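One structure below.
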Amino acid sequence: MSKPIVAIVGRPNVGKSTLFNKLCGTRLSIVEDTPGVTRDRIYAPCNWEGHEFMLVDTGGIEPFSDDIILSQMRRQAELAIESAQVIVLVVDIRSGVTATDSEVASMLLKSRKPTILCVNKCDSVGDVPPEFYEFYNLGMGDPIAVSSVHGHGTGDLLDEVIKHIDFTKALDVPEGVISVAVIGKPNVGKSSLVNKITGEERAIVSNIAGTTRDATDTMTENRFGKFNLIDTAGIRRKNKITDDIEHYSVLRAYMAVDRADVCVIMIDALEGFTEQDSKIAGYAHEQGKGCIVAVNKWDAVEKNEKTMQEFENKLKVDFSFMSYVPFVFISAKTGQRLDKLFELIVRVKANNSMRATTGALNEILSSATARVQPPSDKGKRLKIYYITQASSAPPTFVCFCNRAELFHFSYQRYIENQIRESFDLMGTPVKLIIRERGE
């Protein structure tokens, strides 16, 4: 399902980005980075009291600047308002209510979206200063005093945010339908692939990078099953994103990954693997999604009997951080190997949802520890008592042991590989959680 969006808006220099970083980096503990993944600062998935949402940082709104800036900033604010379920308006207690604050508040009131007024830079502990009450004049209800630097009041702010989010609103697809996010850099042929599969011009296709602005859903059915294809906007490097609309296109592309069962990571066969491909793939891996790498435009490559194997060997090195991922060489233009792609999608979805019995897992564990003895340190040896599967999508296993610090990363990888050898886990990441006895 798609996470609800919470947008942070306000004029420049009121501390929006500091608040964003405090909420996402400290209190909410963003998911740890995967090698090859760099998070853009404009958005981050957050979790508060078991509720997940996407927090979005926006540029400062300056309605009274010259015409060009006015139109750009207002457009960004309108996009944030349109996308978000809840909006947090940040103001600065040190400067009081400004004309810009009033203008932005008026814009938000007209939107009729739930809006929380956050009075930032209330850094002293104790009663709020008298200037705080001036912000009631904005007509947005009770303000919340916050210090984005120290973290005071952020818990109250987040409590108020989740009160206004309807977590039952989910973009879930009917049961038995596999959601497939088609992701990749701009202009690799994502929309062409969706059009070829459906036999319709459901998405605009153009050589101009950035033609697709939003994530569009297309339902299709064939002999392999029922699928919801999510065509996403191309994900660019952060320094290439100059258009405000494109910021939100990229956000929606990442959110399409969140609600997908399987991600088809498209690569241009003529251009080969790039750093940006690793970042896109890394995000899907980090979210625990089933993944397939589809090398598009294969029909345009000059080849001999060794070309495909050589290309795949190189990709295996490039995708070493996702050693489980399968590769398929396709042409969205001619339809080459689309049947193979759908076979992989069905298989990877099943693998990502795999459930193993505790008995089978502990047999694997017993055999693995007999073959390679667990590590020891200063006379203390690691003892693994048992292993069980906690959840699926992705398959998540919990190992109970005597001392977690003895369970080295290399030995965790060894156990994971033993599990992969026993079950078909092609195309899906695996999570291994280490617990000490008694936890």
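Ordering of the structure tokens sets the chain letters (A, B, ...), residue numbers begin anew at 1 in every chain, and ligands are numbered from 1 in the order given.
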Residues near Ile265 in chain A, anyone? I mean within 7 Å using only C-alpha atoms, not counting same-chain ones fewer than 5 positions away, as a PDB file with C-alpha atoms, in the first residue's frame.
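Generated file (part_26.pdb):
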```
ATOM      1  CA  VAL A 182       8.400  -0.340 -13.568  1.00  0.00           C
ATOM      2  CA  ILE A 183      11.276   1.845 -12.352  1.00  0.00           C
ATOM      3  CA  GLY A 184      14.473   3.250 -13.780  1.00  0.00           C
ATOM      4  CA  ALA A 281      17.734  -0.649  -7.335  1.00  0.00           C
ATOM      5  CA  ILE A 292      14.072  -8.142 -11.554  1.00  0.00           C
ATOM      6  CA  VAL A 293      16.570  -6.319 -13.764  1.00  0.00           C
ATOM      7  CA  ALA A 294      15.175  -5.910 -17.303  1.00  0.00           C
TER       8      ALA A 294
END
```
Problem set entry | Non-local contacts of Val180 in chain A (12 Å; only C-alpha atoms; under 4 positions in same chain excluded) as a VMD selection string | chain A and resid 173 190 194 215 to 220 226 to 232 256 to 265 284 289 to 292 341 to 342 344 to 346 348 to 349
Going by DSSP on the backbone, which bits of range 137-358 of chain A are helix (DSSP H, G or I)? Write them as an mmCIF file with C-alpha atoms, in the first residue's frame, please.
```cif
data_model
loop_
_atom_site.group_PDB
_atom_site.id
_atom_site.type_symbol
_atom_site.label_atom_id
_atom_site.label_comp_id
_atom_site.auth_asym_id
_atom_site.auth_seq_id
_atom_site.Cartn_x
_atom_site.Cartn_y
_atom_site.Cartn_z
ATOM 1 C CA ASN A 137 -4.554 35.237 14.543
ATOM 2 C CA LEU A 138 -3.824 32.935 11.578
ATOM 3 C CA THR A 154 8.100 17.125 18.254
ATOM 4 C CA GLY A 155 6.268 14.238 19.932
ATOM 5 C CA ASP A 156 3.152 16.406 20.407
ATOM 6 C CA LEU A 157 3.434 17.492 16.770
ATOM 7 C CA LEU A 158 3.606 13.903 15.508
ATOM 8 C CA ASP A 159 0.721 12.839 17.766
ATOM 9 C CA GLU A 160 -1.362 15.565 16.136
ATOM 10 C CA VAL A 161 -0.224 14.548 12.643
ATOM 11 C CA ILE A 162 -1.317 10.910 12.966
ATOM 12 C CA LYS A 163 -4.694 12.003 14.419
ATOM 13 C CA LYS A 190 9.282 2.235 -19.088
ATOM 14 C CA SER A 191 6.160 3.662 -20.724
ATOM 15 C CA SER A 192 6.903 1.810 -23.975
ATOM 16 C CA LEU A 193 7.005 -1.472 -22.021
ATOM 17 C CA VAL A 194 3.625 -0.810 -20.361
ATOM 18 C CA ASN A 195 2.099 0.137 -23.730
ATOM 19 C CA LYS A 196 3.487 -3.000 -25.393
ATOM 20 C CA ILE A 197 2.150 -5.267 -22.645
ATOM 21 C CA THR A 198 -1.338 -3.755 -22.655
ATOM 22 C CA LYS A 238 19.278 14.981 -7.126
ATOM 23 C CA ASN A 239 21.414 17.642 -8.839
ATOM 24 C CA LYS A 240 19.528 16.946 -12.095
ATOM 25 C CA ASP A 244 9.401 21.611 -8.730
ATOM 26 C CA ILE A 245 6.933 19.302 -10.473
ATOM 27 C CA GLU A 246 9.741 16.806 -11.045
ATOM 28 C CA HIS A 247 10.512 16.704 -7.321
ATOM 29 C CA TYR A 248 7.015 15.316 -6.803
ATOM 30 C CA SER A 249 7.321 12.970 -9.798
ATOM 31 C CA VAL A 250 10.374 11.398 -8.158
ATOM 32 C CA LEU A 251 8.558 11.209 -4.809
ATOM 33 C CA ARG A 252 5.625 9.399 -6.429
ATOM 34 C CA ALA A 253 8.019 7.011 -8.184
ATOM 35 C CA TYR A 254 9.541 6.015 -4.843
ATOM 36 C CA MET A 255 6.060 5.664 -3.355
ATOM 37 C CA ALA A 256 5.097 3.400 -6.277
ATOM 38 C CA VAL A 257 7.933 1.121 -5.126
ATOM 39 C CA ASP A 258 6.404 1.126 -1.631
ATOM 40 C CA GLU A 275 25.487 4.863 -10.700
ATOM 41 C CA GLN A 276 21.879 6.041 -10.765
ATOM 42 C CA ASP A 277 20.703 2.507 -11.597
ATOM 43 C CA SER A 278 22.335 1.276 -8.381
ATOM 44 C CA LYS A 279 20.520 3.948 -6.347
ATOM 45 C CA ILE A 280 17.149 3.076 -7.868
ATOM 46 C CA ALA A 281 17.734 -0.649 -7.335
ATOM 47 C CA GLY A 282 19.046 0.009 -3.825
ATOM 48 C CA TYR A 283 15.820 1.749 -2.811
ATOM 49 C CA ALA A 284 13.731 -1.229 -3.983
ATOM 50 C CA HIS A 285 16.117 -3.602 -2.143
ATOM 51 C CA GLU A 286 15.901 -1.479 1.013
ATOM 52 C CA TRP A 298 18.326 -5.467 -26.554
ATOM 53 C CA ASP A 299 17.145 -5.579 -30.171
ATOM 54 C CA ALA A 300 19.343 -2.545 -30.930
ATOM 55 C CA THR A 307 27.272 -10.954 -25.957
ATOM 56 C CA MET A 308 24.426 -11.790 -23.561
ATOM 57 C CA GLN A 309 26.579 -13.858 -21.195
ATOM 58 C CA GLU A 310 29.294 -11.177 -21.112
ATOM 59 C CA PHE A 311 26.716 -8.457 -20.440
ATOM 60 C CA GLU A 312 25.119 -10.525 -17.653
ATOM 61 C CA ASN A 313 28.510 -11.258 -16.046
ATOM 62 C CA LYS A 314 29.226 -7.535 -15.942
ATOM 63 C CA LEU A 315 25.801 -6.813 -14.448
ATOM 64 C CA LYS A 316 26.422 -9.405 -11.723
ATOM 65 C CA VAL A 317 29.461 -7.365 -10.661
ATOM 66 C CA ASP A 318 27.515 -4.085 -10.867
ATOM 67 C CA SER A 320 26.881 -7.352 -6.317
ATOM 68 C CA PHE A 321 24.896 -5.759 -3.462
ATOM 69 C CA MET A 322 21.813 -7.576 -4.862
ATOM 70 C CA LEU A 338 8.093 -10.410 -22.426
ATOM 71 C CA ASP A 339 6.785 -13.928 -21.647
ATOM 72 C CA LYS A 340 10.047 -14.637 -19.793
ATOM 73 C CA LEU A 341 9.606 -11.355 -17.895
ATOM 74 C CA PHE A 342 6.120 -12.350 -16.707
ATOM 75 C CA GLU A 343 7.320 -15.833 -15.699
ATOM 76 C CA LEU A 344 9.966 -14.146 -13.537
ATOM 77 C CA ILE A 345 7.455 -11.683 -12.041
ATOM 78 C CA VAL A 346 5.175 -14.534 -10.900
ATOM 79 C CA ARG A 347 8.099 -16.553 -9.532
ATOM 80 C CA VAL A 348 9.699 -13.601 -7.709
ATOM 81 C CA LYS A 349 6.350 -12.623 -6.136
ATOM 82 C CA ALA A 350 5.952 -16.186 -4.811
ATOM 83 C CA ASN A 351 9.523 -16.183 -3.478
ATOM 84 C CA ASN A 352 9.051 -12.825 -1.746
ATOM 85 C CA THR A 358 10.533 -23.612 11.957
#
```
Exercise. Would you give me, as a ChimeraX atom specification, the residues in range 248-385 of chain A that DSSP reads as strand (DSSP E or B)?
Worked result: /A:262-268,290-296,327-329,331,336,376-377,380-381,384-385
I need the chosen residues saved as a tab-separated table (two decimals), in the first residue's frame, with N, CA, C and O atoms.
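Below you can see result_16.tsv, which holds the result:
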```
chain	number	residue	atom	x	y	z
A	262	VAL	N	6.47	-6.44	-6.82
A	262	VAL	CA	7.70	-6.72	-7.58
A	262	VAL	C	8.12	-5.44	-8.31
A	262	VAL	O	7.27	-4.72	-8.84
A	263	CYS	N	9.42	-5.16	-8.32
A	263	CYS	CA	9.95	-4.01	-9.04
A	263	CYS	C	10.74	-4.50	-10.24
A	263	CYS	O	11.66	-5.31	-10.09
A	264	VAL	N	10.38	-4.01	-11.42
A	264	VAL	CA	11.15	-4.28	-12.62
A	264	VAL	C	12.07	-3.08	-12.84
A	264	VAL	O	11.61	-1.98	-13.14
A	265	ILE	N	13.37	-3.30	-12.62
A	265	ILE	CA	14.36	-2.23	-12.74
A	265	ILE	C	14.87	-2.23	-14.18
A	265	ILE	O	15.56	-3.16	-14.60
A	266	MET	N	14.51	-1.20	-14.94
A	266	MET	CA	14.86	-1.17	-16.36
A	266	MET	C	16.18	-0.46	-16.59
A	266	MET	O	16.44	0.60	-16.02
A	267	ILE	N	17.01	-1.09	-17.42
A	267	ILE	CA	18.33	-0.55	-17.78
A	267	ILE	C	18.40	-0.44	-19.29
A	267	ILE	O	17.88	-1.31	-20.00
A	268	ASP	N	19.02	0.61	-19.77
A	268	ASP	CA	19.20	0.81	-21.21
A	268	ASP	C	20.41	-0.02	-21.67
A	268	ASP	O	21.53	0.20	-21.23
A	290	GLY	N	10.53	-7.69	-4.13
A	290	GLY	CA	11.05	-8.59	-5.13
A	290	GLY	C	11.56	-7.78	-6.31
A	290	GLY	O	10.92	-6.80	-6.69
A	291	CYS	N	12.70	-8.14	-6.88
A	291	CYS	CA	13.33	-7.31	-7.92
A	291	CYS	C	13.76	-8.16	-9.12
A	291	CYS	O	14.22	-9.28	-8.96
A	292	ILE	N	13.60	-7.56	-10.30
A	292	ILE	CA	14.07	-8.14	-11.55
A	292	ILE	C	14.75	-7.02	-12.33
A	292	ILE	O	14.23	-5.90	-12.38
A	293	VAL	N	15.91	-7.30	-12.91
A	293	VAL	CA	16.57	-6.32	-13.76
A	293	VAL	C	16.23	-6.65	-15.22
A	293	VAL	O	16.54	-7.75	-15.70
A	294	ALA	N	15.54	-5.73	-15.90
A	294	ALA	CA	15.18	-5.91	-17.30
A	294	ALA	C	16.06	-5.01	-18.15
A	294	ALA	O	16.01	-3.78	-18.03
A	295	VAL	N	16.89	-5.61	-18.99
A	295	VAL	CA	17.78	-4.86	-19.88
A	295	VAL	C	17.01	-4.59	-21.17
A	295	VAL	O	16.78	-5.50	-21.97
A	296	ASN	N	16.57	-3.34	-21.36
A	296	ASN	CA	15.72	-2.98	-22.49
A	296	ASN	C	16.57	-2.56	-23.71
A	296	ASN	O	17.76	-2.29	-23.58
A	327	PHE	N	18.26	-11.52	-14.22
A	327	PHE	CA	18.33	-10.59	-15.36
A	327	PHE	C	17.54	-11.16	-16.54
A	327	PHE	O	17.54	-12.37	-16.77
A	328	VAL	N	16.87	-10.26	-17.25
A	328	VAL	CA	16.16	-10.66	-18.47
A	328	VAL	C	16.42	-9.59	-19.52
A	328	VAL	O	16.38	-8.39	-19.22
A	329	PHE	N	16.72	-10.02	-20.74
A	329	PHE	CA	17.06	-9.10	-21.83
A	329	PHE	C	15.85	-8.98	-22.75
A	329	PHE	O	15.43	-9.96	-23.37
A	331	SER	N	12.98	-6.36	-25.26
A	331	SER	CA	12.77	-5.20	-26.13
A	331	SER	C	11.32	-4.77	-25.99
A	331	SER	O	10.41	-5.51	-26.38
A	336	GLN	N	10.16	-8.69	-27.42
A	336	GLN	CA	11.09	-9.79	-27.21
A	336	GLN	C	11.20	-10.16	-25.72
A	336	GLN	O	11.41	-9.30	-24.88
A	376	SER	N	34.09	-17.27	17.61
A	376	SER	CA	34.29	-17.05	19.05
A	376	SER	C	35.18	-15.83	19.24
A	376	SER	O	35.88	-15.39	18.33
A	377	ASP	N	35.17	-15.31	20.47
A	377	ASP	CA	36.00	-14.15	20.79
A	377	ASP	C	36.37	-14.21	22.27
A	377	ASP	O	35.47	-14.31	23.12
A	380	LYS	N	34.86	-16.92	24.38
A	380	LYS	CA	33.40	-17.03	24.33
A	380	LYS	C	32.99	-17.39	22.91
A	380	LYS	O	33.33	-16.68	21.96
A	381	ARG	N	32.24	-18.50	22.75
A	381	ARG	CA	31.80	-18.92	21.43
A	381	ARG	C	30.32	-18.60	21.23
A	381	ARG	O	29.52	-18.69	22.17
A	384	ILE	N	23.98	-20.50	18.70
A	384	ILE	CA	22.70	-20.16	18.08
A	384	ILE	C	21.69	-21.21	18.52
A	384	ILE	O	21.82	-22.40	18.20
A	385	TYR	N	20.69	-20.77	19.29
A	385	TYR	CA	19.74	-21.72	19.88
A	385	TYR	C	18.72	-22.21	18.86
A	385	TYR	O	18.48	-23.40	18.74
```
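Restricting the calculation to only C-alpha atoms, the smallest distance between Pro429 in chain A and any of A:Val325, A:Val14, A:Val6, A:Leu382 is found for A:Val325.
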